[in-house]
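Here is entry_20.pdb, consisting of PDB, C-alpha atoms, pLDDT in the B column:
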ATOM      1  CA  MET A   1      -8.055  16.748  -9.537  1.00 88.00           C
ATOM      2  CA  TYR A   2     -10.251  14.824 -11.973  1.00 89.00           C
ATOM      3  CA  LYS A   3     -11.540  17.290 -14.573  1.00 91.00           C
ATOM      4  CA  HIS A   4     -15.231  16.631 -13.922  1.00 93.00           C
ATOM      5  CA  LEU A   5     -14.700  17.508 -10.249  1.00 94.00           C
ATOM      6  CA  GLU A   6     -13.212  20.922 -11.005  1.00 94.00           C
ATOM      7  CA  PRO A   7     -16.597  22.744 -10.922  1.00 94.00           C
ATOM      8  CA  TYR A   8     -17.192  21.333  -7.429  1.00 95.00           C
ATOM      9  CA  GLY A   9     -13.697  22.301  -6.340  1.00 94.00           C
ATOM     10  CA  LYS A  10     -14.308  25.914  -7.322  1.00 93.00           C
ATOM     11  CA  ILE A  11     -17.286  26.316  -4.971  1.00 95.00           C
ATOM     12  CA  ILE A  12     -15.718  24.780  -1.846  1.00 96.00           C
ATOM     13  CA  ASP A  13     -14.303  28.086  -0.546  1.00 94.00           C
ATOM     14  CA  PHE A  14     -17.558  29.857  -1.393  1.00 95.00           C
ATOM     15  CA  LEU A  15     -19.599  27.329   0.586  1.00 94.00           C
ATOM     16  CA  GLY A  16     -17.179  27.601   3.500  1.00 94.00           C
ATOM     17  CA  MET A  17     -17.620  31.358   3.656  1.00 94.00           C
ATOM     18  CA  ALA A  18     -21.375  31.279   3.043  1.00 94.00           C
ATOM     19  CA  LEU A  19     -22.125  28.620   5.667  1.00 92.00           C
ATOM     20  CA  GLY A  20     -19.728  29.970   8.296  1.00 91.00           C
ATOM     21  CA  ASP A  21     -16.614  28.753  10.072  1.00 90.00           C
ATOM     22  CA  ASN A  22     -18.619  26.162  12.010  1.00 89.00           C
ATOM     23  CA  VAL A  23     -19.074  24.115   8.834  1.00 92.00           C
ATOM     24  CA  GLU A  24     -16.358  22.142   7.046  1.00 94.00           C
ATOM     25  CA  ILE A  25     -16.732  21.236   3.366  1.00 95.00           C
ATOM     26  CA  ALA A  26     -14.416  18.649   1.821  1.00 95.00           C
ATOM     27  CA  LEU A  27     -14.164  17.214  -1.685  1.00 96.00           C
ATOM     28  CA  HIS A  28     -12.660  13.753  -2.242  1.00 95.00           C
ATOM     29  CA  ASP A  29     -11.397  12.632  -5.657  1.00 95.00           C
ATOM     30  CA  LEU A  30     -12.358   8.953  -5.876  1.00 94.00           C
ATOM     31  CA  THR A  31     -10.668   8.491  -9.247  1.00 93.00           C
ATOM     32  CA  SER A  32      -7.209   8.876  -7.729  1.00 91.00           C
ATOM     33  CA  LYS A  33      -5.244   6.032  -6.146  1.00 87.00           C
ATOM     34  CA  ASN A  34      -5.512   7.414  -2.605  1.00 85.00           C
ATOM     35  CA  GLN A  35      -9.012   8.908  -3.011  1.00 90.00           C
ATOM     36  CA  GLU A  36      -7.709  11.948  -1.166  1.00 91.00           C
ATOM     37  CA  ILE A  37      -9.191  15.349  -0.342  1.00 94.00           C
ATOM     38  CA  VAL A  38      -8.549  17.743  -3.227  1.00 95.00           C
ATOM     39  CA  ALA A  39     -10.357  20.808  -1.842  1.00 96.00           C
ATOM     40  CA  ILE A  40     -11.413  21.755   1.678  1.00 96.00           C
ATOM     41  CA  ALA A  41     -12.814  24.772   3.547  1.00 96.00           C
ATOM     42  CA  ASN A  42     -12.741  25.412   7.311  1.00 94.00           C
ATOM     43  CA  SER A  43     -10.304  22.568   7.824  1.00 92.00           C
ATOM     44  CA  HIS A  44      -9.791  23.602  11.465  1.00 89.00           C
ATOM     45  CA  ILE A  45     -12.878  21.561  12.331  1.00 88.00           C
ATOM     46  CA  SER A  46     -11.280  18.191  11.546  1.00 85.00           C
ATOM     47  CA  GLY A  47      -7.643  19.194  11.213  1.00 84.00           C
ATOM     48  CA  ARG A  48      -7.492  17.570   7.781  1.00 86.00           C
ATOM     49  CA  GLU A  49      -5.692  19.038   4.810  1.00 90.00           C
ATOM     50  CA  ILE A  50      -5.561  18.488   1.078  1.00 93.00           C
ATOM     51  CA  GLY A  51      -4.184  14.992   0.564  1.00 92.00           C
ATOM     52  CA  ALA A  52      -5.995  13.434   3.563  1.00 88.00           C
ATOM     53  CA  ARG A  53      -7.473  10.040   2.786  1.00 84.00           C
ATOM     54  CA  LEU A  54     -10.994   8.696   3.245  1.00 83.00           C
ATOM     55  CA  SER A  55     -12.191   7.926   6.765  1.00 77.00           C
ATOM     56  CA  ASN A  56     -13.253   4.430   7.802  1.00 70.00           C
ATOM     57  CA  LEU A  57     -16.975   5.167   7.480  1.00 73.00           C
ATOM     58  CA  SER A  58     -16.610   6.763   4.048  1.00 80.00           C
ATOM     59  CA  MET A  59     -14.820   3.635   2.860  1.00 79.00           C
ATOM     60  CA  HIS A  60     -17.638   1.575   4.338  1.00 75.00           C
ATOM     61  CA  TYR A  61     -20.206   3.540   2.337  1.00 81.00           C
ATOM     62  CA  LEU A  62     -18.290   2.781  -0.851  1.00 85.00           C
ATOM     63  CA  GLN A  63     -17.670  -0.877  -0.062  1.00 80.00           C
ATOM     64  CA  THR A  64     -21.350  -1.440   0.720  1.00 82.00           C
ATOM     65  CA  LYS A  65     -22.243   0.379  -2.534  1.00 87.00           C
ATOM     66  CA  GLN A  66     -24.693   2.752  -0.879  1.00 86.00           C
ATOM     67  CA  TYR A  67     -24.292   5.055  -3.876  1.00 90.00           C
ATOM     68  CA  GLU A  68     -26.203   2.567  -6.041  1.00 89.00           C
ATOM     69  CA  LYS A  69     -29.517   3.284  -4.330  1.00 88.00           C
ATOM     70  CA  HIS A  70     -28.806   6.723  -2.844  1.00 88.00           C
ATOM     71  CA  ASP A  71     -27.332   9.971  -4.086  1.00 92.00           C
ATOM     72  CA  TYR A  72     -26.340  11.008  -0.580  1.00 90.00           C
ATOM     73  CA  VAL A  73     -26.125   9.947   3.085  1.00 87.00           C
ATOM     74  CA  MET A  74     -27.526  12.389   5.640  1.00 86.00           C
ATOM     75  CA  ASN A  75     -27.283  13.136   9.348  1.00 81.00           C
ATOM     76  CA  TYR A  76     -24.713  10.653  10.587  1.00 78.00           C
ATOM     77  CA  LYS A  77     -22.519  11.190  13.610  1.00 73.00           C
ATOM     78  CA  THR A  78     -18.838  12.068  13.358  1.00 75.00           C
ATOM     79  CA  ALA A  79     -16.232  13.169  15.862  1.00 70.00           C
ATOM     80  CA  GLY A  80     -13.418  15.628  15.307  1.00 69.00           C
ATOM     81  CA  PRO A  81      -9.870  14.975  16.529  1.00 65.00           C
ATOM     82  CA  ASP A  82     -10.638  17.046  19.642  1.00 63.00           C
ATOM     83  CA  GLY A  83     -13.710  14.956  20.422  1.00 62.00           C
ATOM     84  CA  LYS A  84     -16.250  17.580  19.327  1.00 71.00           C
ATOM     85  CA  LEU A  85     -19.518  16.202  18.027  1.00 75.00           C
ATOM     86  CA  LEU A  86     -20.293  16.827  14.359  1.00 81.00           C
ATOM     87  CA  ARG A  87     -23.338  16.157  12.226  1.00 84.00           C
ATOM     88  CA  SER A  88     -22.339  15.131   8.729  1.00 87.00           C
ATOM     89  CA  ALA A  89     -23.641  14.475   5.246  1.00 90.00           C
ATOM     90  CA  THR A  90     -22.026  13.043   2.117  1.00 92.00           C
ATOM     91  CA  TYR A  91     -23.056  13.537  -1.508  1.00 94.00           C
ATOM     92  CA  PHE A  92     -21.899  10.981  -4.084  1.00 95.00           C
ATOM     93  CA  ILE A  93     -20.729  12.688  -7.268  1.00 95.00           C
ATOM     94  CA  LYS A  94     -21.470  10.469 -10.246  1.00 94.00           C
ATOM     95  CA  GLU A  95     -20.549  10.629 -13.904  1.00 93.00           C
ATOM     96  CA  GLU A  96     -22.693   9.135 -16.637  1.00 91.00           C
ATOM     97  CA  GLY A  97     -21.196   5.951 -17.988  1.00 88.00           C
ATOM     98  CA  LYS A  98     -19.110   5.228 -14.880  1.00 91.00           C
ATOM     99  CA  LYS A  99     -20.107   2.486 -12.430  1.00 90.00           C
ATOM    100  CA  LEU A 100     -18.393   4.049  -9.422  1.00 92.00           C
ATOM    101  CA  PRO A 101     -18.763   7.606  -8.070  1.00 94.00           C
ATOM    102  CA  ILE A 102     -15.983   9.960  -9.142  1.00 94.00           C
ATOM    103  CA  GLY A 103     -16.093  12.002  -5.953  1.00 95.00           C
ATOM    104  CA  MET A 104     -17.635  12.635  -2.558  1.00 95.00           C
ATOM    105  CA  LEU A 105     -18.687  16.046  -1.270  1.00 96.00           C
ATOM    106  CA  CYS A 106     -18.735  15.950   2.538  1.00 93.00           C
ATOM    107  CA  ILE A 107     -20.207  18.517   4.926  1.00 93.00           C
ATOM    108  CA  ASN A 108     -19.428  18.421   8.653  1.00 90.00           C
ATOM    109  CA  VAL A 109     -21.225  20.763  11.046  1.00 89.00           C
ATOM    110  CA  ASN A 110     -19.898  21.296  14.569  1.00 87.00           C
ATOM    111  CA  ILE A 111     -22.933  20.841  16.832  1.00 81.00           C
ATOM    112  CA  SER A 112     -21.084  20.502  20.149  1.00 74.00           C
ATOM    113  CA  ASP A 113     -22.272  23.925  21.354  1.00 69.00           C
ATOM    114  CA  TYR A 114     -25.853  23.114  20.414  1.00 68.00           C
ATOM    115  CA  GLU A 115     -25.700  19.780  22.265  1.00 62.00           C
ATOM    116  CA  TYR A 116     -24.304  21.517  25.362  1.00 59.00           C
ATOM    117  CA  LEU A 117     -27.011  24.218  25.324  1.00 69.00           C
ATOM    118  CA  GLU A 118     -29.743  21.634  24.811  1.00 68.00           C
ATOM    119  CA  ALA A 119     -28.508  19.531  27.750  1.00 67.00           C
ATOM    120  CA  THR A 120     -28.248  22.623  29.961  1.00 68.00           C
ATOM    121  CA  LEU A 121     -31.775  23.791  29.116  1.00 73.00           C
ATOM    122  CA  LYS A 122     -33.163  20.329  29.866  1.00 70.00           C
ATOM    123  CA  LYS A 123     -31.523  20.389  33.290  1.00 70.00           C
ATOM    124  CA  ILE A 124     -32.923  23.855  34.030  1.00 77.00           C
ATOM    125  CA  LEU A 125     -36.417  22.840  32.909  1.00 75.00           C
ATOM    126  CA  GLY A 126     -36.250  19.479  34.675  1.00 75.00           C
ATOM    127  CA  ILE A 127     -36.639  17.496  31.473  1.00 71.00           C
ATOM    128  CA  LYS A 128     -35.327  13.950  31.699  1.00 63.00           C
ATOM    129  CA  GLU A 129     -32.487  13.183  29.315  1.00 55.00           C
ATOM    130  CA  GLN A 130     -33.603  10.867  26.515  1.00 50.00           C
ATOM    131  CA  LYS A 131     -30.860   9.852  24.141  1.00 43.00           C
ATOM    132  CA  ASP A 132     -31.563  10.227  20.455  1.00 39.00           C
ATOM    133  CA  VAL A 133     -31.422   6.763  18.884  1.00 33.00           C
ATOM    134  CA  GLU A 134     -29.296   8.196  16.078  1.00 33.00           C
ATOM    135  CA  PHE A 135     -26.464   8.886  18.498  1.00 30.00           C
ATOM    136  CA  GLN A 136     -26.291   5.564  20.322  1.00 33.00           C
ATOM    137  CA  LEU A 137     -22.880   3.918  20.285  1.00 34.00           C
ATOM    138  CA  ASP A 138     -24.110   0.979  18.208  1.00 39.00           C
ATOM    139  CA  ASN A 139     -24.586   3.305  15.246  1.00 44.00           C
ATOM    140  CA  PRO A 140     -21.727   4.117  12.858  1.00 45.00           C
ATOM    141  CA  ILE A 141     -19.353   6.737  14.229  1.00 50.00           C
ATOM    142  CA  GLU A 142     -16.807   8.297  11.951  1.00 57.00           C
ATOM    143  CA  ILE A 143     -13.571   9.580  13.456  1.00 53.00           C
ATOM    144  CA  LEU A 144     -12.372  12.359  11.182  1.00 59.00           C
ATOM    145  CA  SER A 145      -8.686  12.874  10.530  1.00 52.00           C
ATOM    146  CA  SER A 146      -7.543  10.364  13.131  1.00 55.00           C
ATOM    147  CA  PRO A 147      -4.567   8.149  12.344  1.00 65.00           C
ATOM    148  CA  LEU A 148      -5.417   4.442  12.517  1.00 71.00           C
ATOM    149  CA  ASP A 149      -3.681   4.045  15.882  1.00 77.00           C
ATOM    150  CA  GLU A 150      -5.702   6.877  17.423  1.00 75.00           C
ATOM    151  CA  MET A 151      -8.950   5.620  15.914  1.00 76.00           C
ATOM    152  CA  VAL A 152      -8.408   2.134  17.382  1.00 83.00           C
ATOM    153  CA  ASP A 153      -7.608   3.600  20.808  1.00 84.00           C
ATOM    154  CA  ILE A 154     -10.859   5.611  20.782  1.00 81.00           C
ATOM    155  CA  TYR A 155     -12.992   2.600  19.849  1.00 84.00           C
ATOM    156  CA  VAL A 156     -11.234   0.308  22.335  1.00 87.00           C
ATOM    157  CA  LYS A 157     -11.861   2.847  25.106  1.00 86.00           C
ATOM    158  CA  GLU A 158     -15.561   3.003  24.195  1.00 86.00           C
ATOM    159  CA  CYS A 159     -15.799  -0.787  24.227  1.00 89.00           C
ATOM    160  CA  LEU A 160     -14.049  -1.153  27.587  1.00 88.00           C
ATOM    161  CA  GLU A 161     -16.352   1.472  29.108  1.00 87.00           C
ATOM    162  CA  GLN A 162     -19.379  -0.504  27.925  1.00 87.00           C
ATOM    163  CA  MET A 163     -17.858  -3.675  29.387  1.00 86.00           C
ATOM    164  CA  GLY A 164     -17.256  -1.936  32.733  1.00 87.00           C
ATOM    165  CA  VAL A 165     -13.490  -2.406  32.543  1.00 83.00           C
ATOM    166  CA  PRO A 166     -11.515   0.262  34.487  1.00 80.00           C
ATOM    167  CA  SER A 167      -9.591   2.739  32.313  1.00 70.00           C
ATOM    168  CA  TYR A 168      -6.314   1.831  34.010  1.00 73.00           C
ATOM    169  CA  PHE A 169      -6.650  -1.868  33.130  1.00 80.00           C
ATOM    170  CA  LEU A 170      -4.086  -3.044  30.565  1.00 82.00           C
ATOM    171  CA  ILE A 171      -5.853  -4.252  27.426  1.00 85.00           C
ATOM    172  CA  GLU A 172      -3.384  -7.084  26.878  1.00 84.00           C
ATOM    173  CA  ARG A 173      -4.516  -8.587  30.213  1.00 87.00           C
ATOM    174  CA  LEU A 174      -8.092  -9.098  29.041  1.00 89.00           C
ATOM    175  CA  ASN A 175      -9.224 -12.720  28.867  1.00 91.00           C
ATOM    176  CA  VAL A 176     -10.062 -14.397  25.558  1.00 92.00           C
ATOM    177  CA  GLU A 177     -13.793 -13.694  25.702  1.00 91.00           C
ATOM    178  CA  GLU A 178     -13.166 -10.040  26.502  1.00 91.00           C
ATOM    179  CA  LYS A 179     -10.701  -9.713  23.638  1.00 92.00           C
ATOM    180  CA  ILE A 180     -13.257 -11.244  21.288  1.00 92.00           C
ATOM    181  CA  LYS A 181     -15.769  -8.601  22.424  1.00 92.00           C
ATOM    182  CA  VAL A 182     -13.232  -5.867  21.659  1.00 92.00           C
ATOM    183  CA  VAL A 183     -12.571  -7.286  18.189  1.00 93.00           C
ATOM    184  CA  LYS A 184     -16.316  -7.539  17.539  1.00 91.00           C
ATOM    185  CA  TYR A 185     -16.798  -3.903  18.560  1.00 89.00           C
ATOM    186  CA  LEU A 186     -13.961  -2.801  16.282  1.00 88.00           C
ATOM    187  CA  GLN A 187     -15.453  -4.806  13.427  1.00 87.00           C
ATOM    188  CA  GLU A 188     -18.854  -3.143  13.906  1.00 83.00           C
ATOM    189  CA  LYS A 189     -17.140   0.238  13.659  1.00 78.00           C
ATOM    190  CA  GLY A 190     -15.592  -0.726  10.318  1.00 75.00           C
ATOM    191  CA  THR A 191     -12.054  -0.644  11.723  1.00 79.00           C
ATOM    192  CA  PHE A 192     -10.867  -3.686   9.807  1.00 81.00           C
ATOM    193  CA  LYS A 193     -11.767  -2.061   6.503  1.00 71.00           C
ATOM    194  CA  VAL A 194      -8.710   0.141   7.020  1.00 70.00           C
ATOM    195  CA  LYS A 195      -5.419  -1.247   5.755  1.00 70.00           C
ATOM    196  CA  GLY A 196      -3.093  -2.308   8.575  1.00 79.00           C
ATOM    197  CA  ALA A 197      -5.836  -2.583  11.201  1.00 84.00           C
ATOM    198  CA  ILE A 198      -5.429  -6.331  11.787  1.00 88.00           C
ATOM    199  CA  ALA A 199      -1.726  -5.999  12.604  1.00 89.00           C
ATOM    200  CA  LEU A 200      -2.288  -2.973  14.853  1.00 88.00           C
ATOM    201  CA  VAL A 201      -5.136  -4.566  16.817  1.00 91.00           C
ATOM    202  CA  ALA A 202      -3.133  -7.785  17.224  1.00 91.00           C
ATOM    203  CA  GLU A 203      -0.263  -5.771  18.684  1.00 90.00           C
ATOM    204  CA  LYS A 204      -2.536  -3.903  21.109  1.00 89.00           C
ATOM    205  CA  LEU A 205      -4.222  -7.117  22.291  1.00 91.00           C
ATOM    206  CA  ALA A 206      -0.852  -8.910  22.549  1.00 90.00           C
ATOM    207  CA  VAL A 207      -2.012 -11.695  20.237  1.00 92.00           C
ATOM    208  CA  SER A 208      -0.978 -12.837  16.768  1.00 93.00           C
ATOM    209  CA  GLU A 209      -2.645 -11.689  13.566  1.00 91.00           C
ATOM    210  CA  PRO A 210      -4.003 -15.219  12.897  1.00 92.00           C
ATOM    211  CA  THR A 211      -5.622 -15.045  16.358  1.00 93.00           C
ATOM    212  CA  VAL A 212      -7.461 -11.834  15.396  1.00 92.00           C
ATOM    213  CA  TYR A 213      -8.673 -13.563  12.216  1.00 91.00           C
ATOM    214  CA  ARG A 214      -9.911 -16.481  14.361  1.00 91.00           C
ATOM    215  CA  TYR A 215     -11.778 -14.048  16.583  1.00 91.00           C
ATOM    216  CA  LEU A 216     -13.418 -12.520  13.525  1.00 89.00           C
ATOM    217  CA  LYS A 217     -14.521 -15.950  12.266  1.00 86.00           C
ATOM    218  CA  LYS A 218     -16.361 -16.530  15.547  1.00 81.00           C
ATOM    219  CA  MET A 219     -18.758 -13.638  14.742  1.00 76.00           C
TER     220      MET A 219
END

What does the file become when written as structure tokens?
Amino acid sequence: MYKHLEPYGKIIDFLGMALGDNVEIALHDLTSKNQEIVAIANSHISGREIGARLSNLSMHYLQTKQYEKHDYVMNYKTAGPDGKLLRSATYFIKEEGKKLPIGMLCINVNISDYEYLEATLKKILGIKEQKDVEFQLDNPIEILSSPLDEMVDIYVKECLEQMGVPSYFLIERLNVEEKIKVVKYLQEKGTFKVKGAIALVAEKLAVSEPTVYRYLKKM
């Protein structure tokens, strides 16, 4: 762990105990080659352990340099490996004299029970369901702790549902326009910022890697 992150690392367990087992706290060391988690509390929420790498959305935040204008990102949607809904926040840890953040302190709160209770109460009271704009599918969704293959499968399933394609339909049998829509959806989710994504998506769509690049150029 980078020495200037050590004070943060020491309070991770404390925060985990103080905030309760429904809240995961993770510290990423961005000075290391893999930018991995170096301290984590309540890891049962995402299933991640020390050594886990950055998620696709976290990498997107860094690549878009959101840390230059903001010290933190609040209230974005994430999903655990079991599909539970989480509300998350990330704090960029900066060091004077360094252009890039040295770390990221991430907090993930399991709000699945709250969402269920809210939906149930609305049904009982006869309140029409109105989706919060923040949680629409066109907003960034971070899949915590999912291997690349699993993450792609989740996003592809979401896209096919929006397109009205039956779940049993084989993805490789989609026509060209439909495949382009899938690639566009994956791009919007930041999938192609993850190393190896092009090759994996090409394999799933039964096309070549150059074909996926051509699809991307059409957007």

Chain and number of each residue from the PyMOL selection byres ((chain A and resi 30) around 8), as a list in words:
His28, Asp29, Thr31, Ser32, Lys33, Asn34, Gln35, Glu36, Pro101, Ile102, Gly103 and Met104 of chain A

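Residues lying within 10 Å of Asp21 in chain A, counting only C-alpha atoms and ignoring same-chain neighbours fewer than 2 positions away, are A:Gly16, A:Met17, A:Ala18, A:Leu19, A:Val23, A:Glu24, A:Ala41, A:Asn42, A:Ser43, A:His44, A:Ile45, A:Val109, A:Asn110.
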
Take the residues from that selection and write them out as a PDB file, in the coordinates of the input, keeping C-alpha atoms.
ATOM      1  CA  GLY A  16     -17.179  27.601   3.500  1.00 94.00           C
ATOM      2  CA  MET A  17     -17.620  31.358   3.656  1.00 94.00           C
ATOM      3  CA  ALA A  18     -21.375  31.279   3.043  1.00 94.00           C
ATOM      4  CA  LEU A  19     -22.125  28.620   5.667  1.00 92.00           C
ATOM      5  CA  VAL A  23     -19.074  24.115   8.834  1.00 92.00           C
ATOM      6  CA  GLU A  24     -16.358  22.142   7.046  1.00 94.00           C
ATOM      7  CA  ALA A  41     -12.814  24.772   3.547  1.00 96.00           C
ATOM      8  CA  ASN A  42     -12.741  25.412   7.311  1.00 94.00           C
ATOM      9  CA  SER A  43     -10.304  22.568   7.824  1.00 92.00           C
ATOM     10  CA  HIS A  44      -9.791  23.602  11.465  1.00 89.00           C
ATOM     11  CA  ILE A  45     -12.878  21.561  12.331  1.00 88.00           C
ATOM     12  CA  VAL A 109     -21.225  20.763  11.046  1.00 89.00           C
ATOM     13  CA  ASN A 110     -19.898  21.296  14.569  1.00 87.00           C
TER      14      ASN A 110
END

Would you translate the PyMOL selection byres ((chain A and resi 91) around 8) into the concrete set of residues it matches in this file, as a PDB file with C-alpha atoms, in the coordinates of the input?
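Final file, out01.pdb:
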ATOM      1  CA  ASP A  71     -27.332   9.971  -4.086  1.00 92.00           C
ATOM      2  CA  TYR A  72     -26.340  11.008  -0.580  1.00 90.00           C
ATOM      3  CA  VAL A  73     -26.125   9.947   3.085  1.00 87.00           C
ATOM      4  CA  ALA A  89     -23.641  14.475   5.246  1.00 90.00           C
ATOM      5  CA  THR A  90     -22.026  13.043   2.117  1.00 92.00           C
ATOM      6  CA  PHE A  92     -21.899  10.981  -4.084  1.00 95.00           C
ATOM      7  CA  ILE A  93     -20.729  12.688  -7.268  1.00 95.00           C
ATOM      8  CA  MET A 104     -17.635  12.635  -2.558  1.00 95.00           C
ATOM      9  CA  LEU A 105     -18.687  16.046  -1.270  1.00 96.00           C
ATOM     10  CA  CYS A 106     -18.735  15.950   2.538  1.00 93.00           C
TER      11      CYS A 106
END

Take the PyMOL selection byres ((chain A and resi 171-182) around 12), apply it to the structure above, and return the hits as a ChimeraX atom specification.
/A:152-170,183-189,191,201-208,211-219

Residue subset to file, keeping C-alpha atoms, as an mmCIF file, keeping the file's coordinate frame:
data_model
loop_
_atom_site.group_PDB
_atom_site.id
_atom_site.type_symbol
_atom_site.label_atom_id
_atom_site.label_comp_id
_atom_site.auth_asym_id
_atom_site.auth_seq_id
_atom_site.Cartn_x
_atom_site.Cartn_y
_atom_site.Cartn_z
ATOM 1 C CA VAL A 152 -8.408 2.134 17.382
ATOM 2 C CA ASP A 153 -7.608 3.600 20.808
ATOM 3 C CA ILE A 154 -10.859 5.611 20.782
ATOM 4 C CA TYR A 155 -12.992 2.600 19.849
ATOM 5 C CA VAL A 156 -11.234 0.308 22.335
ATOM 6 C CA LYS A 157 -11.861 2.847 25.106
ATOM 7 C CA GLU A 158 -15.561 3.003 24.195
ATOM 8 C CA CYS A 159 -15.799 -0.787 24.227
ATOM 9 C CA LEU A 160 -14.049 -1.153 27.587
ATOM 10 C CA GLU A 161 -16.352 1.472 29.108
ATOM 11 C CA GLN A 162 -19.379 -0.504 27.925
ATOM 12 C CA MET A 163 -17.858 -3.675 29.387
ATOM 13 C CA GLY A 164 -17.256 -1.936 32.733
ATOM 14 C CA VAL A 165 -13.490 -2.406 32.543
ATOM 15 C CA PRO A 166 -11.515 0.262 34.487
ATOM 16 C CA SER A 167 -9.591 2.739 32.313
ATOM 17 C CA TYR A 168 -6.314 1.831 34.010
ATOM 18 C CA PHE A 169 -6.650 -1.868 33.130
ATOM 19 C CA LEU A 170 -4.086 -3.044 30.565
ATOM 20 C CA VAL A 183 -12.571 -7.286 18.189
ATOM 21 C CA LYS A 184 -16.316 -7.539 17.539
ATOM 22 C CA TYR A 185 -16.798 -3.903 18.560
ATOM 23 C CA LEU A 186 -13.961 -2.801 16.282
ATOM 24 C CA GLN A 187 -15.453 -4.806 13.427
ATOM 25 C CA GLU A 188 -18.854 -3.143 13.906
ATOM 26 C CA LYS A 189 -17.140 0.238 13.659
ATOM 27 C CA THR A 191 -12.054 -0.644 11.723
ATOM 28 C CA VAL A 201 -5.136 -4.566 16.817
ATOM 29 C CA ALA A 202 -3.133 -7.785 17.224
ATOM 30 C CA GLU A 203 -0.263 -5.771 18.684
ATOM 31 C CA LYS A 204 -2.536 -3.903 21.109
ATOM 32 C CA LEU A 205 -4.222 -7.117 22.291
ATOM 33 C CA ALA A 206 -0.852 -8.910 22.549
ATOM 34 C CA VAL A 207 -2.012 -11.695 20.237
ATOM 35 C CA SER A 208 -0.978 -12.837 16.768
ATOM 36 C CA THR A 211 -5.622 -15.045 16.358
ATOM 37 C CA VAL A 212 -7.461 -11.834 15.396
ATOM 38 C CA TYR A 213 -8.673 -13.563 12.216
ATOM 39 C CA ARG A 214 -9.911 -16.481 14.361
ATOM 40 C CA TYR A 215 -11.778 -14.048 16.583
ATOM 41 C CA LEU A 216 -13.418 -12.520 13.525
ATOM 42 C CA LYS A 217 -14.521 -15.950 12.266
ATOM 43 C CA LYS A 218 -16.361 -16.530 15.547
ATOM 44 C CA MET A 219 -18.758 -13.638 14.742
#

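Minimum atom-to-atom distances from A:Ala52, A:Leu85, A:Leu121, A:Leu57 to Ala39 in chain A were compared using all atoms listed in the file, and the lowest value belongs to A:Ala52.
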
For the atom pair CA of Gly190 in chain A and CA of Met59 in chain A, what is the interatomic distance in Å to one decimal place?
8.7 Å

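Atom to atom, CA of His4 in chain A and CA of Asn56 in chain A stand 25.0 Å apart.
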
By how many Å are CA of Leu15 in chain A and CA of Thr78 in chain A apart?
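It comes out at 19.9 Å.
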
Taking all atoms of range 51-68 of chain A that the file lists and extending 4 Å past them on each side, where is the centre of the axis-aligned box and how long are its edges? Answer in Å to one decimal, as lines of an AutoDock Vina configuration file.
center_x = -15.2
center_y = 6.8
center_z = 0.9
size_x = 30.0
size_y = 24.4
size_z = 21.8

Nearest residue to Asn22 in chain A out of A:Ser46, A:Gln63, A:Ser55, A:Asn75, using only C-alpha atoms?
A:Ser46

For a quick check of understanding, using all atoms listed in the file, which of A:Ala26, A:Ala79, A:Leu54, A:Met74 has the smallest distance to Ile40 in chain A?
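Looking only at the distances to Ile40 in chain A, the closest residue turns out to be A:Ala26.
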
Mind filling out range 18-25 of chain A with N, CA, C and O atoms and sending it as a compact mmCIF listing (two decimals), in the frame of the given file?
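What landed in result_12.txt:
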# COMPACT_ATOMS: atom_id res chain seq x y z
N ALA A 18 -19.93 31.05 2.97
CA ALA A 18 -21.38 31.28 3.04
C ALA A 18 -22.01 30.59 4.25
O ALA A 18 -22.92 31.14 4.89
N LEU A 19 -21.53 29.39 4.58
CA LEU A 19 -22.12 28.62 5.67
C LEU A 19 -21.51 28.93 7.03
O LEU A 19 -22.06 28.56 8.06
N GLY A 20 -20.35 29.57 7.03
CA GLY A 20 -19.73 29.97 8.30
C GLY A 20 -18.62 29.04 8.73
O GLY A 20 -18.50 27.90 8.25
N ASP A 21 -17.80 29.52 9.68
CA ASP A 21 -16.61 28.75 10.07
C ASP A 21 -16.93 27.59 11.00
O ASP A 21 -16.02 26.92 11.50
N ASN A 22 -18.21 27.33 11.22
CA ASN A 22 -18.62 26.16 12.01
C ASN A 22 -18.93 24.97 11.12
O ASN A 22 -19.31 23.90 11.61
N VAL A 23 -18.74 25.16 9.80
CA VAL A 23 -19.07 24.12 8.83
C VAL A 23 -17.86 23.82 7.96
O VAL A 23 -17.30 24.71 7.33
N GLU A 24 -17.46 22.57 7.91
CA GLU A 24 -16.36 22.14 7.05
C GLU A 24 -16.92 21.49 5.79
O GLU A 24 -17.87 20.71 5.85
N ILE A 25 -16.35 21.84 4.63
CA ILE A 25 -16.73 21.24 3.37
C ILE A 25 -15.49 20.62 2.74
O ILE A 25 -14.47 21.29 2.61
